[in-house]
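A quick write-up on the structure given underneath.
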Amino acid sequence: MTEETLSSKMAEFLTAIDQVKKYRKLVSAIVDFALIIIVSVAGLLTLHLVVNLLNLYGISNITSNSWGVAFSNILIPCIGVIIGVVWVGRKIDTVKTQQWTTTLNEGTPGALKLLQETNWETIFSDIRFAKLGFAFYGAIKVAAYWLIAFFAFVVLSSFLGNIVHFSFDAISLLVVPLVFVLIFSLKDLRNRYEQVGRLDSLLWELRWFESEFRRTDFQT
(Lines give C-alpha, C1' and ligand atoms only; values in the text may rest on other atoms or scores of the structure.)
Protein backbone atom coordinates (compact mmCIF):
# COMPACT_ATOMS: atom_id res chain seq x y z
CA MET A 1 0.00 0.00 0.00
CA THR A 2 1.44 3.38 -1.04
CA GLU A 3 1.58 6.33 1.33
CA GLU A 4 -1.04 8.14 -0.73
CA THR A 5 -3.41 5.16 -0.56
CA LEU A 6 -2.86 4.82 3.19
CA SER A 7 -3.65 8.50 3.74
CA SER A 8 -6.77 8.21 1.58
CA LYS A 9 -8.01 5.13 3.47
CA MET A 10 -7.30 6.80 6.80
CA ALA A 11 -9.19 9.92 5.72
CA GLU A 12 -12.21 7.75 4.85
CA PHE A 13 -11.95 5.93 8.17
CA LEU A 14 -11.66 9.11 10.23
CA THR A 15 -14.46 10.81 8.30
CA ALA A 16 -16.70 7.84 9.14
CA ILE A 17 -15.71 8.15 12.80
CA ASP A 18 -16.57 11.86 12.73
CA GLN A 19 -20.01 10.94 11.40
CA VAL A 20 -20.41 8.39 14.20
CA LYS A 21 -19.62 11.14 16.71
CA LYS A 22 -22.45 13.21 15.25
CA TYR A 23 -24.84 10.29 15.53
CA ARG A 24 -23.64 9.78 19.10
CA LYS A 25 -24.46 13.40 19.87
CA LEU A 26 -27.90 12.72 18.48
CA VAL A 27 -28.60 10.42 21.43
CA SER A 28 -28.37 13.28 23.93
CA ALA A 29 -30.33 15.58 21.62
CA ILE A 30 -33.25 13.12 21.41
CA VAL A 31 -34.28 13.96 24.99
CA ASP A 32 -34.35 17.66 24.13
CA PHE A 33 -36.42 16.99 21.01
CA ALA A 34 -38.94 14.92 22.96
CA LEU A 35 -39.22 17.61 25.66
CA ILE A 36 -39.84 20.31 23.05
CA ILE A 37 -42.64 18.24 21.51
CA ILE A 38 -44.15 17.59 24.94
CA VAL A 39 -44.03 21.31 25.78
CA SER A 40 -45.73 22.18 22.48
CA VAL A 41 -48.52 19.65 23.18
CA ALA A 42 -48.86 20.97 26.74
CA GLY A 43 -49.11 24.49 25.33
CA LEU A 44 -51.85 23.39 22.94
CA LEU A 45 -53.81 21.68 25.73
CA THR A 46 -53.40 24.77 27.91
CA LEU A 47 -54.80 26.92 25.11
CA HIS A 48 -57.88 24.72 24.87
CA LEU A 49 -58.30 24.79 28.65
CA VAL A 50 -58.10 28.59 28.78
CA VAL A 51 -60.55 28.97 25.87
CA ASN A 52 -63.03 26.61 27.53
CA LEU A 53 -62.74 28.41 30.88
CA LEU A 54 -63.25 31.84 29.27
CA ASN A 55 -66.24 30.49 27.39
CA LEU A 56 -67.65 28.83 30.51
CA TYR A 57 -67.59 32.06 32.54
CA GLY A 58 -68.89 34.15 29.64
CA ILE A 59 -65.72 36.18 29.33
CA SER A 60 -65.31 35.21 25.69
CA ASN A 61 -67.48 33.56 23.06
CA ILE A 62 -64.50 31.81 21.42
CA THR A 63 -64.83 28.02 21.52
CA SER A 64 -62.44 25.16 20.85
CA ASN A 65 -64.18 24.68 17.49
CA SER A 66 -63.49 28.24 16.29
CA TRP A 67 -61.15 28.61 13.31
CA GLY A 68 -58.49 30.45 15.29
CA VAL A 69 -58.22 27.64 17.84
CA ALA A 70 -58.52 25.00 15.12
CA PHE A 71 -55.63 26.61 13.24
CA SER A 72 -53.60 26.55 16.47
CA ASN A 73 -54.10 22.77 16.58
CA ILE A 74 -51.82 22.59 13.56
CA LEU A 75 -49.61 25.64 14.09
CA ILE A 76 -48.39 24.93 17.64
CA PRO A 77 -47.27 21.30 17.00
CA CYS A 78 -45.63 22.43 13.73
CA ILE A 79 -43.68 25.11 15.57
CA GLY A 80 -42.66 22.54 18.18
CA VAL A 81 -41.35 20.14 15.53
CA ILE A 82 -39.48 22.90 13.68
CA ILE A 83 -37.85 24.16 16.88
CA GLY A 84 -36.99 20.58 17.84
CA VAL A 85 -35.38 19.75 14.49
CA VAL A 86 -33.41 23.02 14.46
CA TRP A 87 -32.27 22.46 18.05
CA VAL A 88 -31.09 18.93 17.29
CA GLY A 89 -29.26 20.17 14.20
CA ARG A 90 -27.46 22.86 16.19
CA LYS A 91 -26.37 20.38 18.86
CA ILE A 92 -25.02 18.02 16.19
CA ASP A 93 -23.14 20.91 14.58
CA THR A 94 -21.24 21.47 17.84
CA VAL A 95 -19.36 18.20 17.25
CA LYS A 96 -15.81 19.04 16.18
CA THR A 97 -14.69 17.17 13.08
CA GLN A 98 -11.53 16.77 10.96
CA GLN A 99 -9.24 17.60 13.87
CA TRP A 100 -7.01 14.85 12.52
CA THR A 101 -6.22 16.64 9.23
CA THR A 102 -2.91 18.18 10.31
CA THR A 103 -1.55 14.93 11.73
CA LEU A 104 -2.68 12.93 8.69
CA ASN A 105 -0.86 15.37 6.39
CA GLU A 106 2.38 14.06 7.89
CA GLY A 107 1.92 10.92 5.79
CA THR A 108 2.49 7.38 7.04
CA PRO A 109 3.94 8.41 10.45
CA GLY A 110 0.89 10.61 11.02
CA ALA A 111 -1.52 7.86 10.00
CA LEU A 112 0.15 5.36 12.34
CA LYS A 113 0.16 7.91 15.15
CA LEU A 114 -3.59 8.44 14.74
CA LEU A 115 -4.19 4.69 14.80
CA GLN A 116 -2.09 4.20 17.91
CA GLU A 117 -3.87 7.05 19.71
CA THR A 118 -7.33 5.76 18.79
CA ASN A 119 -9.49 4.74 21.73
CA TRP A 120 -11.12 1.72 20.11
CA GLU A 121 -13.46 0.88 22.96
CA THR A 122 -14.85 4.40 22.90
CA ILE A 123 -15.40 4.14 19.15
CA PHE A 124 -17.19 0.79 19.52
CA SER A 125 -19.41 2.24 22.24
CA ASP A 126 -20.12 5.35 20.14
CA ILE A 127 -21.19 3.22 17.18
CA ARG A 128 -23.59 1.21 19.32
CA PHE A 129 -25.15 4.38 20.75
CA ALA A 130 -25.16 5.98 17.28
CA LYS A 131 -27.23 3.10 15.93
CA LEU A 132 -29.71 3.48 18.78
CA GLY A 133 -29.91 7.25 18.47
CA PHE A 134 -30.24 7.28 14.69
CA ALA A 135 -33.10 4.76 14.75
CA PHE A 136 -34.86 6.24 17.80
CA TYR A 137 -34.71 9.79 16.45
CA GLY A 138 -36.43 8.58 13.30
CA ALA A 139 -39.19 6.99 15.36
CA ILE A 140 -39.72 10.17 17.40
CA LYS A 141 -39.86 12.28 14.25
CA VAL A 142 -42.54 9.97 12.84
CA ALA A 143 -44.48 10.30 16.11
CA ALA A 144 -44.17 14.10 15.97
CA TYR A 145 -45.33 14.23 12.34
CA TRP A 146 -48.21 11.92 13.23
CA LEU A 147 -49.21 14.33 16.00
CA ILE A 148 -49.36 17.19 13.51
CA ALA A 149 -51.25 15.05 10.98
CA PHE A 150 -53.67 13.93 13.68
CA PHE A 151 -54.63 17.48 14.70
CA ALA A 152 -54.85 18.51 11.04
CA PHE A 153 -57.07 15.52 10.27
CA VAL A 154 -59.32 16.31 13.24
CA VAL A 155 -59.76 19.87 11.95
CA LEU A 156 -60.40 18.61 8.42
CA SER A 157 -62.92 15.99 9.55
CA SER A 158 -64.73 18.59 11.64
CA PHE A 159 -64.90 20.88 8.61
CA LEU A 160 -66.21 18.08 6.39
CA GLY A 161 -68.67 17.04 9.08
CA ASN A 162 -70.23 20.50 9.05
CA ILE A 163 -70.56 20.45 5.26
CA VAL A 164 -71.50 16.89 4.30
CA HIS A 165 -72.52 15.64 7.74
CA PHE A 166 -69.92 12.88 7.70
CA SER A 167 -67.62 11.98 10.57
CA PHE A 168 -64.77 9.56 11.22
CA ASP A 169 -64.68 7.23 14.18
CA ALA A 170 -61.91 7.47 16.80
CA ILE A 171 -59.84 4.65 15.29
CA SER A 172 -59.89 6.25 11.84
CA LEU A 173 -58.82 9.58 13.33
CA LEU A 174 -55.74 7.82 14.71
CA VAL A 175 -54.94 5.39 11.89
CA VAL A 176 -55.48 7.49 8.75
CA PRO A 177 -52.95 10.21 9.71
CA LEU A 178 -50.46 7.51 10.72
CA VAL A 179 -50.74 5.84 7.30
CA PHE A 180 -50.11 9.15 5.53
CA VAL A 181 -47.13 9.93 7.76
CA LEU A 182 -45.60 6.48 7.19
CA ILE A 183 -45.97 6.89 3.42
CA PHE A 184 -44.47 10.39 3.62
CA SER A 185 -41.58 9.14 5.81
CA LEU A 186 -40.91 5.95 3.84
CA LYS A 187 -37.74 7.25 2.19
CA ASP A 188 -36.34 8.55 5.48
CA LEU A 189 -37.16 5.28 7.28
CA ARG A 190 -35.51 3.24 4.52
CA ASN A 191 -32.43 5.47 4.71
CA ARG A 192 -32.24 5.02 8.47
CA TYR A 193 -32.58 1.25 8.15
CA GLU A 194 -29.74 1.15 5.61
CA GLN A 195 -27.61 3.50 7.71
CA VAL A 196 -28.02 1.30 10.79
CA GLY A 197 -26.91 -1.65 8.66
CA ARG A 198 -23.83 0.28 7.53
CA LEU A 199 -23.01 1.14 11.13
CA ASP A 200 -23.28 -2.56 11.97
CA SER A 201 -20.85 -3.39 9.17
CA LEU A 202 -18.51 -0.62 10.28
CA LEU A 203 -18.52 -1.96 13.83
CA TRP A 204 -17.55 -5.48 12.73
CA GLU A 205 -14.90 -4.23 10.30
CA LEU A 206 -13.34 -2.01 12.95
CA ARG A 207 -13.32 -4.84 15.48
CA TRP A 208 -11.45 -7.01 12.98
CA PHE A 209 -9.07 -4.19 12.08
CA GLU A 210 -8.37 -3.34 15.72
CA SER A 211 -7.62 -6.99 16.44
CA GLU A 212 -5.18 -7.19 13.51
CA PHE A 213 -3.63 -3.84 14.40
CA ARG A 214 -2.88 -4.99 17.95
CA ARG A 215 -1.03 -8.02 16.60
CA THR A 216 1.24 -5.89 14.45
CA ASP A 217 4.21 -3.97 15.79
CA PHE A 218 4.53 -0.61 14.01
CA GLN A 219 6.95 0.89 16.47
CA THR A 220 9.86 0.39 14.08
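In the C-alpha coordinates, the first chain shown is A, the next is B, and so on; residue numbers restart at 1 for each chain, and ligands run from 1 in the order shown.
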field: Those in stretch 45-215 of chain A with helix (DSSP H, G or I) from DSSP, as a ChimeraX atom specification
entry: /A:45-56,67-93,101-104,108-116,120-164,170-184,186-215
With the cut-off set at 7 Å and counting only C-alpha atoms, tabulate each residue of stretch 75-189 of chain A with an atom at most that distance from an atom of stretch 7-25 of chain A, showing the nearest atom pair and its distance in Å to one decimal, ordered by chain and increasing number, as CSV.
```
residue,atom,partner,partner_atom,distance
A:Ile92,CA,A:Lys22,CA,5.5
A:Val95,CA,A:Lys22,CA,6.2
A:Thr97,CA,A:Asp18,CA,5.6
A:Leu104,CA,A:Ser7,CA,6.7
A:Gly107,CA,A:Ser7,CA,6.4
A:Ala111,CA,A:Ser7,CA,6.6
A:Asp126,CA,A:Arg24,CA,5.7
A:Ile127,CA,A:Val20,CA,6.0
A:Phe129,CA,A:Arg24,CA,5.8
A:Ala130,CA,A:Arg24,CA,4.5
A:Gly133,CA,A:Tyr23,CA,6.6
A:Phe134,CA,A:Tyr23,CA,6.2
```
message: Ranking A:Leu174, A:Leu147, A:Val69, A:Val142 by minimum distance to A:Lys187 and counting only C-alpha atoms, which one comes first?
response: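 Closest to A:Lys187 of all the choices is A:Val142.
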message: List the spatial neighbours of A:Trp120 as a list in words - criterion: any atom at most 9 Å away, only C-alpha atoms, same-chain residues fewer than 4 positions off excluded.
response: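 Counting only the stated atoms, we get Phe124, Ser125, Leu206, Arg207 and Glu210 of chain A.
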message: Residues near A:Leu189, anyone? I mean within 10 Å using only C-alpha atoms, not counting same-chain ones fewer than 5 positions away, as a list in words.
response: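 The neighbour list is Ala135, Gly138, Ala139, Val142, Leu182, Ile183, Phe184, Glu194 and Gln195 of chain A.
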field: Selection near A:Trp87, 9 Å with only C-alpha atoms, sequence-local residues under 3 positions removed, as a ChimeraX atom specification
entry: /A:29,32-33,82-84,90-92
